[in-house]
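Heads up, coords04.cif below (mmCIF, C-alpha atoms):
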```cif
data_structure
#
loop_
_atom_site.label_atom_id
_atom_site.label_comp_id
_atom_site.auth_asym_id
_atom_site.auth_seq_id
_atom_site.Cartn_x
_atom_site.Cartn_y
_atom_site.Cartn_z
CA MET A 404 0.00 0.00 0.00
CA THR A 405 1.36 3.44 -0.93
CA GLU A 406 1.19 6.46 1.38
CA THR A 407 -2.25 7.26 0.07
CA ALA A 408 -4.77 4.59 -0.87
CA ILE A 409 -6.35 6.64 -3.69
CA ASP A 410 -4.86 8.51 -6.63
CA LEU A 411 -6.75 11.77 -6.27
CA ASP A 412 -5.32 13.04 -9.55
CA TRP A 413 -7.81 10.79 -11.30
CA ASP A 414 -9.33 12.57 -14.30
CA LEU A 415 -12.48 12.22 -16.31
CA GLU A 416 -10.75 10.75 -19.35
CA ARG A 417 -9.75 7.71 -17.33
CA SER A 418 -13.35 7.30 -16.22
CA ARG A 419 -14.50 7.55 -19.83
CA ALA A 420 -11.90 4.97 -20.84
CA ARG A 421 -13.67 2.39 -18.69
CA ARG A 422 -16.44 2.36 -21.34
CA THR A 423 -19.15 1.62 -18.79
CA LYS A 424 -22.54 3.25 -18.36
CA ARG A 425 -21.15 6.03 -16.15
CA TRP A 426 -19.95 8.22 -19.04
CA SER A 427 -21.51 6.51 -22.07
CA GLN A 428 -25.12 7.69 -22.04
CA TYR A 429 -24.63 11.15 -23.51
CA ASP A 430 -22.39 13.04 -25.91
CA ARG A 431 -19.08 14.28 -24.51
CA ASP A 432 -20.35 17.83 -24.03
CA ILE A 433 -22.89 16.67 -21.42
CA ILE A 434 -21.88 16.48 -17.76
CA ASP A 435 -23.59 13.30 -16.65
CA LEU A 436 -24.36 13.27 -12.93
CA THR A 437 -26.96 10.51 -13.06
CA VAL A 438 -25.31 7.09 -12.73
CA ALA A 439 -24.48 6.23 -9.12
CA GLU A 440 -20.81 5.35 -9.54
CA MET A 441 -17.73 7.25 -8.39
CA ASP A 442 -15.05 8.83 -10.56
CA LEU A 443 -12.29 7.28 -8.49
CA PRO A 444 -9.75 4.56 -9.16
CA VAL A 445 -10.51 1.09 -7.86
CA ALA A 446 -8.98 0.17 -4.51
CA GLU A 447 -5.60 -1.52 -4.98
CA PRO A 448 -6.52 -4.63 -2.94
CA VAL A 449 -9.66 -5.07 -5.04
CA LEU A 450 -7.76 -4.56 -8.28
CA ALA A 451 -5.06 -7.01 -7.19
CA ALA A 452 -7.64 -9.65 -6.24
CA VAL A 453 -9.39 -9.35 -9.61
CA GLN A 454 -6.10 -9.39 -11.51
CA ASP A 455 -5.12 -12.54 -9.62
CA ALA A 456 -8.46 -14.15 -10.49
CA VAL A 457 -7.95 -13.24 -14.15
CA ARG A 458 -4.41 -14.65 -14.07
CA ARG A 459 -5.87 -17.88 -12.69
CA GLN A 460 -8.57 -17.74 -15.37
CA ALA A 461 -11.30 -17.92 -12.73
CA PHE A 462 -14.02 -17.63 -15.33
CA GLY A 463 -16.00 -20.76 -14.47
CA TYR A 464 -19.13 -21.17 -12.39
CA PRO A 465 -18.84 -19.86 -8.83
CA VAL A 466 -18.35 -22.21 -5.91
CA ALA A 467 -21.22 -22.68 -3.47
CA ASP A 468 -21.72 -19.86 -0.98
CA GLU A 469 -20.56 -21.91 2.00
CA ARG A 470 -17.38 -23.03 0.20
CA SER A 471 -16.38 -19.48 -0.70
CA GLU A 472 -14.66 -16.94 1.54
CA VAL A 473 -17.39 -14.36 1.05
CA PRO A 474 -19.76 -15.19 3.93
CA GLN A 475 -16.91 -15.22 6.46
CA ALA A 476 -15.42 -11.95 5.15
CA ALA A 477 -18.87 -10.35 5.14
CA SER A 478 -19.60 -11.60 8.65
CA GLU A 479 -16.37 -10.06 9.91
CA TRP A 480 -17.06 -6.73 8.18
CA LEU A 481 -20.67 -6.55 9.36
CA THR A 482 -19.64 -7.31 12.94
CA GLU A 483 -16.65 -4.96 13.09
CA GLU A 484 -17.76 -2.04 10.91
CA HIS A 485 -21.50 -2.23 10.27
CA GLY A 486 -22.66 -2.88 13.81
CA LEU A 487 -24.44 -6.14 13.05
CA THR A 488 -23.17 -9.33 14.69
CA VAL A 489 -24.08 -12.16 12.36
CA GLY A 490 -22.53 -15.55 11.64
CA PRO A 491 -21.43 -16.56 8.14
CA ASP A 492 -24.16 -19.21 8.07
CA ARG A 493 -26.73 -16.42 7.83
CA VAL A 494 -25.05 -14.74 4.82
CA ARG A 495 -26.01 -15.79 1.29
CA LEU A 496 -24.78 -14.48 -2.04
CA LEU A 497 -26.76 -12.70 -4.75
CA PRO A 498 -25.90 -11.51 -8.25
CA GLU A 499 -27.38 -8.13 -7.27
CA LEU A 500 -29.56 -6.81 -4.49
CA MET A 501 -32.81 -6.40 -6.40
CA ARG A 502 -32.82 -10.16 -6.98
CA GLY A 503 -32.78 -10.52 -3.22
CA VAL A 504 -35.69 -8.11 -2.87
CA THR A 505 -37.78 -9.90 -5.47
CA MET A 506 -37.13 -13.40 -4.11
CA SER A 507 -37.64 -12.30 -0.50
CA LEU A 508 -40.98 -10.71 -1.32
CA ARG A 509 -42.10 -13.83 -3.15
CA HIS A 510 -41.01 -16.38 -0.59
CA LEU A 511 -40.63 -14.67 2.80
CA THR A 512 -43.66 -12.36 3.03
CA ARG A 513 -47.41 -13.01 3.07
CA ALA A 514 -48.57 -14.22 -0.33
CA GLY A 515 -49.93 -11.43 -2.48
CA SER A 516 -49.52 -8.74 0.18
CA PRO A 517 -48.66 -5.15 -0.85
CA VAL A 518 -45.27 -3.64 -0.02
CA VAL A 519 -44.87 -0.37 1.88
CA VAL A 520 -42.21 1.86 0.32
CA PRO A 521 -41.11 5.04 2.14
CA THR A 522 -40.37 7.55 -0.59
CA PRO A 523 -38.44 9.12 -2.18
CA VAL A 524 -36.44 5.97 -2.77
CA TYR A 525 -34.20 4.11 -5.20
CA GLY A 526 -36.27 3.72 -8.35
CA ARG A 527 -35.34 0.07 -8.91
CA PHE A 528 -37.35 -0.82 -5.80
CA PHE A 529 -40.50 -0.35 -7.82
CA ASP A 530 -39.16 -2.62 -10.58
CA ALA A 531 -38.32 -5.35 -8.06
CA ILE A 532 -41.77 -5.13 -6.47
CA GLN A 533 -43.39 -5.39 -9.89
CA VAL A 534 -41.29 -8.44 -10.81
CA ALA A 535 -42.33 -10.03 -7.51
CA GLY A 536 -45.97 -9.59 -8.55
CA ARG A 537 -46.77 -7.22 -5.70
CA GLU A 538 -48.26 -3.76 -5.34
CA ALA A 539 -46.14 -0.90 -4.05
CA VAL A 540 -47.77 1.38 -1.46
CA GLU A 541 -45.87 4.65 -1.30
CA VAL A 542 -45.68 6.35 2.08
CA PRO A 543 -43.91 9.69 1.57
CA MET A 544 -41.38 10.60 4.24
CA ARG A 545 -41.78 13.75 6.31
CA ALA A 546 -39.47 16.72 6.67
CA GLY A 547 -37.77 16.69 10.09
CA ASP A 548 -35.04 18.66 11.85
CA ARG A 549 -32.30 16.62 10.15
CA GLY A 550 -34.05 16.12 6.85
CA TYR A 551 -36.39 13.33 5.88
CA GLU A 552 -37.97 11.05 8.49
CA LEU A 553 -40.18 8.00 8.17
CA ASP A 554 -43.90 8.71 8.36
CA LEU A 555 -44.54 6.04 10.97
CA ASP A 556 -48.25 6.84 11.23
CA GLY A 557 -48.56 6.40 7.48
CA ILE A 558 -46.67 3.10 7.60
CA ASP A 559 -48.94 1.94 10.43
CA ARG A 560 -52.02 2.74 8.36
CA ALA A 561 -50.65 0.89 5.32
CA LEU A 562 -49.82 -2.21 7.37
CA ARG A 563 -53.21 -2.08 9.05
CA ALA A 564 -54.79 -1.99 5.58
CA GLY A 565 -53.09 -5.26 4.62
CA ALA A 566 -49.52 -4.56 3.49
CA GLY A 567 -47.25 -7.40 4.54
CA SER A 568 -43.80 -5.84 4.33
CA VAL A 569 -41.79 -2.63 4.37
CA LEU A 570 -38.95 -2.09 1.91
CA LEU A 571 -36.53 0.30 3.61
CA CYS A 572 -33.55 2.08 2.04
CA HIS A 573 -31.18 2.78 4.95
CA PRO A 574 -29.25 5.03 4.37
CA ASN A 575 -31.74 6.44 1.93
CA ASN A 576 -31.14 6.86 -1.77
CA PRO A 577 -31.67 9.63 -2.94
CA THR A 578 -31.70 11.81 0.21
CA GLY A 579 -28.71 10.34 2.06
CA ARG A 580 -30.72 10.25 5.29
CA VAL A 581 -29.63 7.76 7.97
CA THR A 582 -32.73 6.69 9.90
CA ASP A 583 -32.16 7.02 13.65
CA ARG A 584 -32.60 4.34 16.31
CA GLY A 585 -35.88 5.73 17.65
CA GLN A 586 -37.60 5.55 14.28
CA LEU A 587 -36.19 2.09 13.58
CA GLU A 588 -37.42 0.82 16.94
CA THR A 589 -40.92 2.12 16.25
CA LEU A 590 -40.83 0.57 12.79
CA ALA A 591 -39.88 -2.78 14.32
CA GLU A 592 -42.78 -2.49 16.78
CA LEU A 593 -45.19 -1.79 13.93
CA ALA A 594 -43.88 -4.75 11.93
CA ALA A 595 -44.29 -7.08 14.91
CA ARG A 596 -47.78 -5.76 15.67
CA HIS A 597 -49.00 -6.36 12.13
CA GLY A 598 -47.04 -9.55 11.39
CA ALA A 599 -45.07 -7.79 8.65
CA ARG A 600 -41.49 -8.19 7.46
CA VAL A 601 -38.94 -5.42 6.99
CA LEU A 602 -36.36 -5.66 4.22
CA SER A 603 -33.55 -3.16 4.73
CA ASP A 604 -31.23 -2.24 1.85
CA GLU A 605 -28.08 -0.93 3.56
CA ILE A 606 -25.73 -0.77 0.59
CA HIS A 607 -24.81 2.89 1.19
CA ALA A 608 -23.93 2.43 4.88
CA PRO A 609 -20.13 2.18 4.45
CA LEU A 610 -20.19 5.63 2.82
CA ARG A 611 -21.52 7.49 5.85
CA TYR A 612 -19.98 10.72 7.13
CA GLN A 613 -20.48 10.08 10.83
CA PRO A 614 -19.73 6.86 12.69
CA ASP A 615 -23.19 6.38 14.20
CA PHE A 616 -25.26 3.86 12.28
CA VAL A 617 -27.89 1.44 13.54
CA PRO A 618 -28.46 -1.58 11.27
CA TYR A 619 -32.15 -2.35 11.23
CA ALA A 620 -31.46 -6.02 11.98
CA SER A 621 -29.78 -5.08 15.26
CA ILE A 622 -33.30 -4.16 16.45
CA ASP A 623 -35.50 -6.72 14.69
CA ASP A 624 -34.53 -10.40 14.83
CA ASN A 625 -36.92 -11.10 11.97
CA ALA A 626 -35.23 -8.67 9.57
CA ILE A 627 -33.86 -9.28 6.10
CA THR A 628 -30.79 -7.18 5.28
CA LEU A 629 -29.28 -6.47 1.87
CA VAL A 630 -25.68 -5.31 1.61
CA SER A 631 -22.84 -5.30 -0.89
CA ALA A 632 -19.28 -4.08 -1.28
CA THR A 633 -19.94 -3.09 -4.88
CA LYS A 634 -21.33 0.38 -4.09
CA ALA A 635 -18.81 1.60 -1.51
CA TRP A 636 -15.79 0.17 -3.34
CA ASN A 637 -17.09 1.08 -6.79
CA PHE A 638 -17.28 -2.19 -8.72
CA PRO A 639 -21.01 -2.65 -9.49
CA GLY A 640 -20.33 -4.52 -12.72
CA LEU A 641 -18.74 -7.47 -10.92
CA ARG A 642 -22.05 -8.91 -9.75
CA CYS A 643 -21.89 -9.87 -6.11
CA GLY A 644 -24.43 -8.88 -3.47
CA LEU A 645 -25.35 -10.29 -0.09
CA ILE A 646 -28.54 -11.09 1.76
CA VAL A 647 -28.35 -11.51 5.52
CA PHE A 648 -31.01 -13.39 7.46
CA SER A 649 -31.67 -12.63 11.11
CA ASN A 650 -34.17 -15.49 11.27
CA PRO A 651 -32.53 -18.93 10.76
CA ASP A 652 -35.77 -20.24 9.25
CA ASP A 653 -35.33 -17.74 6.40
CA ALA A 654 -31.82 -19.03 5.73
CA ARG A 655 -33.08 -22.61 5.63
CA LEU A 656 -35.91 -21.74 3.25
CA TRP A 657 -33.55 -19.74 1.03
CA ALA A 658 -31.32 -22.81 0.69
CA THR A 659 -34.23 -24.69 -0.92
CA LEU A 660 -34.85 -22.16 -3.70
CA PRO A 661 -33.89 -23.16 -7.25
CA ARG A 662 -30.46 -22.03 -8.39
CA ALA A 663 -32.06 -20.09 -11.25
CA ALA A 664 -33.84 -17.96 -8.66
CA VAL A 665 -30.81 -16.86 -6.64
CA GLY A 666 -27.69 -17.74 -8.66
CA GLY A 667 -25.58 -15.78 -11.11
CA MET A 668 -22.74 -14.41 -8.99
CA SER A 669 -19.42 -13.67 -10.68
CA PRO A 670 -16.24 -15.32 -9.33
CA LEU A 671 -14.51 -12.00 -10.03
CA GLY A 672 -17.09 -10.17 -7.95
CA MET A 673 -16.66 -12.66 -5.14
CA ALA A 674 -12.89 -12.14 -5.13
CA ALA A 675 -13.35 -8.37 -5.19
CA THR A 676 -15.83 -8.51 -2.30
CA VAL A 677 -13.47 -10.49 -0.05
CA ALA A 678 -10.62 -8.09 -0.81
CA ALA A 679 -12.79 -5.03 -0.13
CA PHE A 680 -14.09 -6.28 3.20
CA ARG A 681 -10.72 -7.54 4.43
CA ASP A 682 -8.22 -5.07 2.98
CA GLY A 683 -10.23 -2.12 1.68
CA ARG A 684 -10.60 0.01 4.81
CA PRO A 685 -7.77 2.51 4.03
CA TRP A 686 -9.18 3.13 0.55
CA LEU A 687 -12.70 3.53 1.94
CA ARG A 688 -11.58 6.09 4.54
CA GLU A 689 -9.94 8.21 1.85
CA ALA A 690 -12.92 7.83 -0.47
CA VAL A 691 -15.25 9.14 2.24
CA ARG A 692 -12.94 12.10 2.83
CA PHE A 693 -12.98 12.84 -0.90
CA LEU A 694 -16.76 12.64 -0.94
CA ALA A 695 -17.01 14.86 2.14
CA ASP A 696 -14.99 17.54 0.32
CA ASN A 697 -17.28 17.29 -2.69
CA ARG A 698 -20.33 17.40 -0.45
CA LYS A 699 -19.01 20.69 0.91
CA LEU A 700 -18.65 22.00 -2.65
CA VAL A 701 -22.37 21.32 -3.15
CA THR A 702 -23.32 22.89 0.18
CA ASP A 703 -21.23 26.00 -0.47
CA ALA A 704 -22.56 26.40 -4.02
CA LEU A 705 -26.17 26.29 -2.80
CA ALA A 706 -25.69 28.33 0.38
CA GLY A 707 -28.05 31.29 0.52
CA LEU A 708 -29.86 30.25 -2.63
CA ASP A 709 -33.53 29.37 -2.71
CA ILE A 710 -32.88 25.77 -3.69
CA GLY A 711 -34.02 23.15 -1.20
CA TYR A 712 -31.14 20.95 -0.08
CA THR A 713 -30.06 19.11 3.05
CA GLU A 714 -26.58 17.61 3.26
CA PRO A 715 -26.68 13.82 2.95
CA GLU A 716 -25.50 11.87 5.98
CA ALA A 717 -24.26 9.04 3.76
CA GLY A 718 -23.60 8.38 0.10
CA TYR A 719 -22.77 10.81 -2.68
CA LEU A 720 -26.17 11.94 -3.92
CA ALA A 721 -27.56 15.46 -3.60
CA TRP A 722 -31.36 15.71 -3.55
CA LEU A 723 -32.41 19.13 -4.82
CA ASP A 724 -35.89 20.56 -4.28
CA LEU A 725 -36.71 22.66 -7.35
CA ARG A 726 -40.48 22.86 -6.88
CA ARG A 727 -40.48 26.62 -6.43
CA PHE A 728 -39.36 27.05 -10.05
CA GLY A 729 -42.59 25.51 -11.40
CA LEU A 730 -40.87 23.27 -13.94
CA ALA A 731 -42.85 20.37 -15.35
CA ASP A 732 -39.67 18.28 -15.66
CA PRO A 733 -36.69 19.88 -13.89
CA ALA A 734 -34.19 17.25 -15.05
CA ALA A 735 -35.16 17.68 -18.70
CA HIS A 736 -35.04 21.46 -18.31
CA LEU A 737 -31.53 21.40 -16.83
CA LEU A 738 -30.25 19.00 -19.48
CA ARG A 739 -31.63 21.15 -22.27
CA ARG A 740 -30.52 24.50 -20.85
CA THR A 741 -27.23 23.65 -19.13
CA GLY A 742 -25.90 20.38 -20.52
CA VAL A 743 -25.96 18.85 -17.04
CA ALA A 744 -27.75 15.51 -16.76
CA THR A 745 -29.47 14.81 -13.44
CA THR A 746 -31.89 12.07 -12.43
CA SER A 747 -35.55 13.04 -12.42
CA GLY A 748 -37.03 13.07 -8.95
CA ALA A 749 -40.13 11.37 -10.32
CA ASP A 750 -38.04 8.22 -10.79
CA HIS A 751 -37.91 7.99 -6.99
CA GLY A 752 -41.65 7.94 -6.40
CA THR A 753 -44.47 10.45 -6.58
CA SER A 754 -43.02 12.45 -3.68
CA GLY A 755 -40.02 13.16 -5.91
CA ASN A 756 -41.95 15.31 -8.37
CA GLY A 757 -40.19 18.65 -8.73
CA PHE A 758 -36.84 17.34 -7.46
CA VAL A 759 -33.64 16.15 -9.14
CA ARG A 760 -30.90 13.83 -7.91
CA LEU A 761 -27.29 14.78 -8.56
CA ASN A 762 -24.25 12.52 -8.19
CA PHE A 763 -21.39 14.56 -6.69
CA ALA A 764 -18.80 11.73 -6.72
CA THR A 765 -16.89 13.19 -9.62
CA VAL A 766 -13.81 15.31 -10.32
CA PRO A 767 -14.11 18.51 -8.24
CA GLY A 768 -13.58 20.81 -11.20
CA VAL A 769 -16.30 19.04 -13.17
CA LEU A 770 -18.66 19.21 -10.20
CA THR A 771 -18.02 22.94 -9.73
CA ASP A 772 -18.70 23.57 -13.42
CA ALA A 773 -21.96 21.61 -13.23
CA LEU A 774 -23.12 23.43 -10.09
CA ASP A 775 -22.35 26.81 -11.64
CA ARG A 776 -24.35 25.94 -14.73
CA VAL A 777 -27.32 24.69 -12.70
CA THR A 778 -27.48 27.64 -10.31
CA ASP A 779 -26.99 30.20 -13.08
CA CYS A 780 -29.81 28.63 -15.07
CA LEU A 781 -32.24 28.42 -12.17
CA LEU A 782 -31.53 31.82 -10.71
CA GLY A 783 -31.26 33.69 -13.99
CA GLY A 784 -27.56 34.47 -13.76
#
```
Could you take the file, read its structure, and then write that structure out as structure tokens?
Amino acid sequence: MTETAIDLDWDLERSRARRTKRWSQYDRDIIDLTVAEMDLPVAEPVLAAVQDAVRRQAFGYPVADERSEVPQAASEWLTEEHGLTVGPDRVRLLPELMRGVTMSLRHLTRAGSPVVVPTPVYGRFFDAIQVAGREAVEVPMRAGDRGYELDLDGIDRALRAGAGSVLLCHPNNPTGRVTDRGQLETLAELAARHGARVLSDEIHAPLRYQPDFVPYASIDDNAITLVSATKAWNFPGLRCGLIVFSNPDDARLWATLPRAAVGGMSPLGMAATVAAFRDGRPWLREAVRFLADNRKLVTDALAGLDIGYTEPEAGYLAWLDLRRFGLADPAAHLLRRTGVATTSGADHGTSGNGFVRLNFATVPGVLTDALDRVTDCLLGG
């Protein structure tokens, strides 16, 4: 390991050279701040593990979960860094987290029951619910002192009306809100009262800016948790996610599902995941510092302006409230007028109408240029 774990002189051309979705959706004159990946080099331990796997030509079918190193490495990480003590026997592999959501809804919740979704939220949640053959019941979050908070009364009403599960994004995408212990405890009480299950997607948790984080499963011993190293260590294309069962009965049932339902992991992704969890802490610490600096660029650029924004507590997404400008489609307006691509708030549920999501995990100079264009356009500069 060198003195620094990240080459912070990384430039946009090297990101473009990856030829992945991140910088391939638009022409070169567009600043694309939509795709949730970071413009940072891959962590050296992860890169070395993948290079070793390539050298060994590890291109065959993956070994069974219990014969791989992934559950043990994940168990150690979750216990030491995530705040969730869980044995490797409760950790199962997924090709990606939405597969875990779909299969959990189908097999671990009441048949046919609707799914409560606190919004705004990651748009793929709605896709996964649809694939599972369920109905999504949006319960918009409320504005609190620290930003968004769960509408627990609304969740209670939805569960009372027959919903059988809650799909939680914790920390939240797109707002970056980390739900506090008090709200999680009340949510667990509601789930127990109504015989509902809570699925908690905690993929953004390693990218938090303060140490305090309460995994939902540390409160509810009937929880289903979804995690992955691919987001925090920036290798989403390597196909390896994790589902963690608090209830041993869930783990036993999961083991009976057909391989076509839960398989498809990449041996390269498995190698990268073990390396990230075991040797990727120095890189992650520097990545979070880099993101914190970029978060400050966003905060400073918007300070004193009439654009709704609360600093995220985790992740690298800025959630901008542009409702006061009366735009039918703010993201389309900004793309057309400024050449900055943002994600439409409507993709995150009906409560996202009038908002845009902006990925600030890019080169600082590019981010500053994008923010200048956006604020000048909106404020008539």
| Option closest in space to A:Leu660, from A:Val520, A:Ser507, A:Gly598, A:Pro685 [counting all atoms listed in the file] |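 Ranked by minimum distance to A:Leu660, first place goes to A:Ser507.
Pairwise distance (atom CA of A:Val504, atom CA of A:Ala531) equals 6.4 Å.
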| Interatomic distance, atom CA of A:Gly644 to atom CA of A:Leu770 (Å, one decimal) | 29.5 Å
| Long-range neighbours of stretch 537-550 of chain A as an MDAnalysis selection string, 8 Å cut-off, only C-alpha atoms, 3 positions minimum in chain | chainID A and resid 515:523 529 532:534 553:554 557:558 561 566 580 713 752:754
| So how far away is atom CA of A:Ser649 from atom CA of A:Met673, in Å? |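 These two atoms are separated by 22.1 Å.
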| task | Translate the PyMOL selection byres ((chain A and resi 601) around 12), as applied to the file shown, into an explicit residue set as a VMD selection string. | result | chain A and resid 504 507 to 508 511 to 512 518 to 521 558 562 566 to 573 587 to 588 590 to 595 597 to 600 602 to 604 618 to 620 622 to 629 648 to 650
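With all atoms listed in the file as the atoms that count, the residue of A:Arg584, A:Arg493, A:His485, A:Arg698 with the shortest distance to A:Ala632 is A:His485.
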| task | For the file shown, report as a PyMOL selection string the outcome of the PyMOL selection byres ((chain A and resi 614) around 12) at residue level. | result | chain A and resi 484-486+581+608-613+615-617+688+691+716-717
Padding 5 Å on each side, edges along x, y and z: where is the centre of the box around the listed atoms of stretch 736-750 of chain A, and how long are its edges in Å to one decimal? Output it as JSON.
```
{"center_x": -33.0, "center_y": 16.4, "center_z": -15.6, "size_x": 24.2, "size_y": 26.3, "size_z": 23.3}
```
| Non-local contacts of stretch 575-577 of chain A (10 Å; only C-alpha atoms; under 4 positions in same chain excluded) as an MDAnalysis selection string | chainID A and resid 439 521:526 551 571 581:582 604:608 715:723 746 748 751 755 759:762
Result set, the PyMOL selection byres ((chain A and resi 633) around 9) on current file, as a compact mmCIF listing (two decimals) with C-alpha atoms, keeping the file's coordinate frame:
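As written to disk, result_14.txt reads:
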```
# COMPACT_ATOMS: atom_id res chain seq x y z
CA ILE A 606 -25.73 -0.77 0.59
CA VAL A 630 -25.68 -5.31 1.61
CA SER A 631 -22.84 -5.30 -0.89
CA ALA A 632 -19.28 -4.08 -1.28
CA LYS A 634 -21.33 0.38 -4.09
CA ALA A 635 -18.81 1.60 -1.51
CA TRP A 636 -15.79 0.17 -3.34
CA ASN A 637 -17.09 1.08 -6.79
CA PHE A 638 -17.28 -2.19 -8.72
CA PRO A 639 -21.01 -2.65 -9.49
CA GLY A 640 -20.33 -4.52 -12.72
CA LEU A 641 -18.74 -7.47 -10.92
CA ARG A 642 -22.05 -8.91 -9.75
CA CYS A 643 -21.89 -9.87 -6.11
CA GLY A 644 -24.43 -8.88 -3.47
CA GLY A 672 -17.09 -10.17 -7.95
CA ALA A 675 -13.35 -8.37 -5.19
CA THR A 676 -15.83 -8.51 -2.30
CA ALA A 679 -12.79 -5.03 -0.13
```
| Pick from A:Ala731, A:Val457, A:Val494, A:Ala514 nearest to A:Asn756, counting all atoms listed in the file |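 For A:Asn756, the nearest of the given residues is A:Ala731.
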| Which residue, A:Ala461, A:Ala535, A:Val677, A:Ala564, has the smallest gap to A:Ala476 when you use all atoms listed in the file? | A:Val677
With stretch 477-481 of chain A as the partner and 8 Å as the cut-off, tabulate the residues of stretch 486-534 of chain A that qualify, each row holding the nearest pair of atoms and their distance in Å to one decimal, using only C-alpha atoms, sorted by chain and rising number, as a tab-separated table.
```
residue	atom	partner	partner_atom	distance
A:Gly486	CA	A:Leu481	CA	6.1
A:Leu487	CA	A:Leu481	CA	5.3
A:Thr488	CA	A:Leu481	CA	6.5
A:Val489	CA	A:Ser478	CA	5.8
A:Gly490	CA	A:Ser478	CA	5.8
A:Pro491	CA	A:Ser478	CA	5.3
A:Val494	CA	A:Ser478	CA	7.4
```
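Counting only C-alpha atoms, the residue from A:Ser427, A:Gln454, A:Met441, A:Trp413 that sits nearest to A:Ala678 is A:Gln454.
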| field | Closest of A:Leu782, A:Val701, A:Ala408, A:Ala451 to A:Gly768 - atom-to-atom distances counting all atoms listed in the file | value | A:Val701
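Within the 12 Å cut-off around A:Tyr429, using all atoms listed in the file and omitting residues fewer than 2 positions from it on the same chain, the listed residues are Arg419, Thr423, Lys424, Arg425, Trp426, Ser427, Arg431, Asp432, Ile433, Ile434, Asp435, Leu436, Thr437, Val438, Leu738, Gly742, Val743, Ala744 and Thr745 of chain A.
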| said: Env of A:Asp468: 8 Å cut, atoms = only C-alpha atoms, seq-sep filter 5 positions within chain, self excluded. Answer as a PyMOL selection string. | reply: chain A and resi 473-474+495-496
At the level of C-alpha atoms, write stretch 549-595 of chain A to a file as a PDB file, in the first residue's frame, please.
```
ATOM      1  CA  ARG A 549     -32.303  16.621  10.155  1.00  0.00           C
ATOM      2  CA  GLY A 550     -34.048  16.121   6.850  1.00  0.00           C
ATOM      3  CA  TYR A 551     -36.390  13.326   5.880  1.00  0.00           C
ATOM      4  CA  GLU A 552     -37.965  11.053   8.492  1.00  0.00           C
ATOM      5  CA  LEU A 553     -40.184   8.000   8.174  1.00  0.00           C
ATOM      6  CA  ASP A 554     -43.902   8.711   8.356  1.00  0.00           C
ATOM      7  CA  LEU A 555     -44.537   6.036  10.969  1.00  0.00           C
ATOM      8  CA  ASP A 556     -48.247   6.838  11.230  1.00  0.00           C
ATOM      9  CA  GLY A 557     -48.560   6.400   7.479  1.00  0.00           C
ATOM     10  CA  ILE A 558     -46.674   3.100   7.599  1.00  0.00           C
ATOM     11  CA  ASP A 559     -48.942   1.938  10.427  1.00  0.00           C
ATOM     12  CA  ARG A 560     -52.022   2.737   8.356  1.00  0.00           C
ATOM     13  CA  ALA A 561     -50.651   0.888   5.315  1.00  0.00           C
ATOM     14  CA  LEU A 562     -49.822  -2.207   7.374  1.00  0.00           C
ATOM     15  CA  ARG A 563     -53.207  -2.079   9.051  1.00  0.00           C
ATOM     16  CA  ALA A 564     -54.794  -1.990   5.580  1.00  0.00           C
ATOM     17  CA  GLY A 565     -53.092  -5.260   4.623  1.00  0.00           C
ATOM     18  CA  ALA A 566     -49.523  -4.556   3.489  1.00  0.00           C
ATOM     19  CA  GLY A 567     -47.253  -7.396   4.538  1.00  0.00           C
ATOM     20  CA  SER A 568     -43.798  -5.845   4.325  1.00  0.00           C
ATOM     21  CA  VAL A 569     -41.787  -2.634   4.367  1.00  0.00           C
ATOM     22  CA  LEU A 570     -38.947  -2.087   1.914  1.00  0.00           C
ATOM     23  CA  LEU A 571     -36.526   0.300   3.609  1.00  0.00           C
ATOM     24  CA  CYS A 572     -33.554   2.076   2.043  1.00  0.00           C
ATOM     25  CA  HIS A 573     -31.184   2.780   4.951  1.00  0.00           C
ATOM     26  CA  PRO A 574     -29.253   5.026   4.369  1.00  0.00           C
ATOM     27  CA  ASN A 575     -31.736   6.440   1.933  1.00  0.00           C
ATOM     28  CA  ASN A 576     -31.143   6.860  -1.774  1.00  0.00           C
ATOM     29  CA  PRO A 577     -31.672   9.628  -2.936  1.00  0.00           C
ATOM     30  CA  THR A 578     -31.702  11.808   0.207  1.00  0.00           C
ATOM     31  CA  GLY A 579     -28.715  10.342   2.057  1.00  0.00           C
ATOM     32  CA  ARG A 580     -30.718  10.253   5.287  1.00  0.00           C
ATOM     33  CA  VAL A 581     -29.634   7.765   7.966  1.00  0.00           C
ATOM     34  CA  THR A 582     -32.730   6.694   9.904  1.00  0.00           C
ATOM     35  CA  ASP A 583     -32.164   7.018  13.652  1.00  0.00           C
ATOM     36  CA  ARG A 584     -32.602   4.345  16.308  1.00  0.00           C
ATOM     37  CA  GLY A 585     -35.880   5.730  17.649  1.00  0.00           C
ATOM     38  CA  GLN A 586     -37.600   5.553  14.280  1.00  0.00           C
ATOM     39  CA  LEU A 587     -36.185   2.094  13.580  1.00  0.00           C
ATOM     40  CA  GLU A 588     -37.423   0.816  16.944  1.00  0.00           C
ATOM     41  CA  THR A 589     -40.915   2.115  16.252  1.00  0.00           C
ATOM     42  CA  LEU A 590     -40.831   0.571  12.786  1.00  0.00           C
ATOM     43  CA  ALA A 591     -39.881  -2.785  14.323  1.00  0.00           C
ATOM     44  CA  GLU A 592     -42.777  -2.491  16.779  1.00  0.00           C
ATOM     45  CA  LEU A 593     -45.187  -1.794  13.933  1.00  0.00           C
ATOM     46  CA  ALA A 594     -43.876  -4.753  11.932  1.00  0.00           C
ATOM     47  CA  ALA A 595     -44.293  -7.084  14.906  1.00  0.00           C
TER      48      ALA A 595
END
```
